[in-house]
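Take a look at the structure below.
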Amino acid sequence: MVTLRVRPWETLGESVRGVGKRCNQDWYACQGAGSADDPLVLAVADGHGSPAYARSELGARFAVDRFAVLAAEFGRAARDPHGPGRPARLMTYARDDFPRALVRQWRAAALGHWDRHRPVADDGAPEPGDDEKLRLYGTTLIGAVLTPWLLVAWQIGDGDLAVVAHDGTLERPLAPAEEALGDETDSLCGPRAWRQVRTHWAPVFEQARLPRLVVLSTDGLSKSFASADGYPAFVEDLQGRLTADGSAGVRHLLPQWLEHAARHSGDDTTLTAALRPPEPGAGAELERKTES
């Protein structure tokens, strides 16, 4: 196995409440360095928010928290993905077993919370079934894990994953073939939810071919644009600003951008992103080219 000295990815994340919402039903996580021993984990979740999903802000938090643990464990297990038969086994686990484990742990967290915080009822109503309990916590989820050799991402429901590849190409690998109508979306609270989880598997065979930028966002962002071209243009602009100014230069502006989006979409709006660190000497090379 080859051991690499990996420079930590530059990361940022922010979440703002939608206009008129009683609380922010989104949640996100951004943790890790992107090394073999400390994988980078990104996740965003969007609780459904209507009265039928009265505890969805908790469901979103449970989803992100459980995903972060599982994804970090997977990333460490995938520290050497190139051995004989190893890629196929890891891919099968990512596609089939990981979604089942995620849904199982999310359901356990939601039902456990229900048991500890039962509603007070004096009308003699029967105990609701598990499906009815879980509906209260309904949420979407997008999550990704990055190591020096691998990018894997999972999604259930709406929201956006954008990847700026090593050559600058913008991809949205988990976008559905057809957009859902209205506000309907797949959910972790749905029956056999693991079957609705979409998986993106992208091994990296050369360090120079790692993505430049990975962006996860809830649909409050993409819905804020008047045309379908608005979201890709936003990601490309974000990549340019991050490359020029670094995450520190963008971090203080991100809340303003998301608040602007939330005013237009009316929805909670959350984004987390990771920028690949420049190669040593890249800044000096860019400066020399600029001066010439």
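In the structure tokens, chains take letters A, B, ... by order of appearance, with residues numbered from 1 within each chain and ligands from 1 in the order shown.
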Q: Write out as a VMD selection string the residues lying within 9 Å of Glu171 of chain A, counting only C-alpha atoms and excluding same-chain residues fewer than 4 positions away.
A: chain A and resid 161 to 165 232
Q: Extract, using only C-alpha atoms, all DNA, RNA and protein residues at most 6 Å from segment 139-147 of chain A, discarding same-chain residues fewer than 2 positions from it, and format them as a list in words.
A: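 Non-adjacent residues within range: Gly34, Ser35, Ala36, Pro39, Leu40, Val41, Leu42, Ala43, Val44, Ala45, Asp46, Gly47, His48, Gly59, Ala60, Trp149, Leu150, Leu151, Val152, Ala153, Trp154, Gln155, Ile156, Gly157, Ser187 and Leu188 of chain A.
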(Q) So, with only C-alpha atoms as the atoms that count, which of A:Arg209, A:Arg86, A:Arg22, A:Arg100 lies closest to Pro191 of chain A? (A) A:Arg100
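Using only C-alpha atoms, the contacts of Ser224 of chain A at a cut-off of 8 Å, with sequence neighbours closer than 6 positions omitted, comprise Ala261, Ala262, Arg263, His264 and Ser265 of chain A.
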Could you please take those selected residues and save all heavy atoms as an mmCIF file, in the first residue's frame?
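Listed below is the output, result_6.cif:
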```
data_model
loop_
_atom_site.group_PDB
_atom_site.id
_atom_site.type_symbol
_atom_site.label_atom_id
_atom_site.label_comp_id
_atom_site.auth_asym_id
_atom_site.auth_seq_id
_atom_site.Cartn_x
_atom_site.Cartn_y
_atom_site.Cartn_z
ATOM 1 N N ALA A 261 -30.502 33.559 -1.408
ATOM 2 C CA ALA A 261 -31.183 32.417 -2.033
ATOM 3 C C ALA A 261 -32.449 32.054 -1.274
ATOM 4 O O ALA A 261 -33.488 31.765 -1.876
ATOM 5 C CB ALA A 261 -30.238 31.219 -2.090
ATOM 6 N N ALA A 262 -32.385 32.056 0.067
ATOM 7 C CA ALA A 262 -33.549 31.680 0.878
ATOM 8 C C ALA A 262 -34.699 32.655 0.687
ATOM 9 O O ALA A 262 -35.869 32.258 0.734
ATOM 10 C CB ALA A 262 -33.147 31.604 2.348
ATOM 11 N N ARG A 263 -34.386 33.916 0.480
ATOM 12 C CA ARG A 263 -35.457 34.894 0.228
ATOM 13 C C ARG A 263 -36.176 34.583 -1.077
ATOM 14 O O ARG A 263 -37.388 34.777 -1.189
ATOM 15 C CB ARG A 263 -34.888 36.315 0.196
ATOM 16 C CG ARG A 263 -34.537 36.870 1.558
ATOM 17 C CD ARG A 263 -34.352 38.373 1.501
ATOM 18 N NE ARG A 263 -33.239 38.776 0.648
ATOM 19 C CZ ARG A 263 -31.982 38.897 1.063
ATOM 20 N NH1 ARG A 263 -31.683 38.650 2.335
ATOM 21 N NH2 ARG A 263 -31.033 39.274 0.231
ATOM 22 N N HIS A 264 -35.445 34.095 -2.074
ATOM 23 C CA HIS A 264 -36.060 33.810 -3.364
ATOM 24 C C HIS A 264 -36.782 32.463 -3.378
ATOM 25 O O HIS A 264 -37.849 32.334 -3.990
ATOM 26 C CB HIS A 264 -35.003 33.850 -4.469
ATOM 27 C CG HIS A 264 -34.624 35.229 -4.882
ATOM 28 N ND1 HIS A 264 -33.774 36.019 -4.151
ATOM 29 C CD2 HIS A 264 -34.987 35.979 -5.956
ATOM 30 C CE1 HIS A 264 -33.625 37.196 -4.750
ATOM 31 N NE2 HIS A 264 -34.348 37.192 -5.852
ATOM 32 N N SER A 265 -36.208 31.473 -2.717
ATOM 33 C CA SER A 265 -36.837 30.146 -2.729
ATOM 34 C C SER A 265 -37.871 29.996 -1.619
ATOM 35 O O SER A 265 -38.762 29.143 -1.718
ATOM 36 C CB SER A 265 -35.775 29.061 -2.577
ATOM 37 O OG SER A 265 -35.196 29.091 -1.274
#
```
Q: Could you tell me, as a PyMOL selection string, which residues of segment 111-217 of chain A DSSP assigns to alpha helix (DSSP H) when given the backbone?
A: chain A and resi 111-116+130-135
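Nearest to Ala274 of chain A of all the residues A:Ala248, A:Ala175, A:Ala193, A:Val215 is A:Val215, based on only C-alpha atoms.
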Q | Who sits within 12 Å of segment 25-28 of chain A, only C-alpha atoms, same chain under 3 positions skipped, as a count of residues only | A | 57
Env of Asp115 of chain A: 12 Å cut, atoms = only C-alpha atoms, seq-sep filter 3 positions within chain, self excluded. Answer as a PDB file with C-alpha atoms, in the first residue's frame.
```pdb
ATOM      1  CA  ALA A 108     -33.406   3.352  15.196  1.00  0.00           C
ATOM      2  CA  ALA A 109     -32.495   6.919  16.119  1.00  0.00           C
ATOM      3  CA  ALA A 110     -35.943   8.267  15.185  1.00  0.00           C
ATOM      4  CA  LEU A 111     -37.894   5.505  16.932  1.00  0.00           C
ATOM      5  CA  GLY A 112     -35.661   5.812  19.974  1.00  0.00           C
ATOM      6  CA  ARG A 118     -43.965  10.476  23.362  1.00  0.00           C
ATOM      7  CA  PRO A 119     -46.696  13.059  22.750  1.00  0.00           C
ATOM      8  CA  VAL A 120     -49.052  13.576  25.661  1.00  0.00           C
ATOM      9  CA  GLU A 127     -50.280   3.580  19.565  1.00  0.00           C
ATOM     10  CA  PRO A 128     -49.261   4.600  16.023  1.00  0.00           C
ATOM     11  CA  ASP A 130     -43.616   2.576  13.179  1.00  0.00           C
ATOM     12  CA  LYS A 133     -43.891   7.546  13.819  1.00  0.00           C
ATOM     13  CA  LEU A 134     -41.069   7.691  11.288  1.00  0.00           C
TER      14      LEU A 134
END
```
Q: Can you work out the spacing between atom CA of Gly129 of chain A and atom CA of Trp194 of chain A in Å, to one decimal?
A: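 Result for atom CA of Gly129 of chain A versus atom CA of Trp194 of chain A: 19.6 Å, one decimal.
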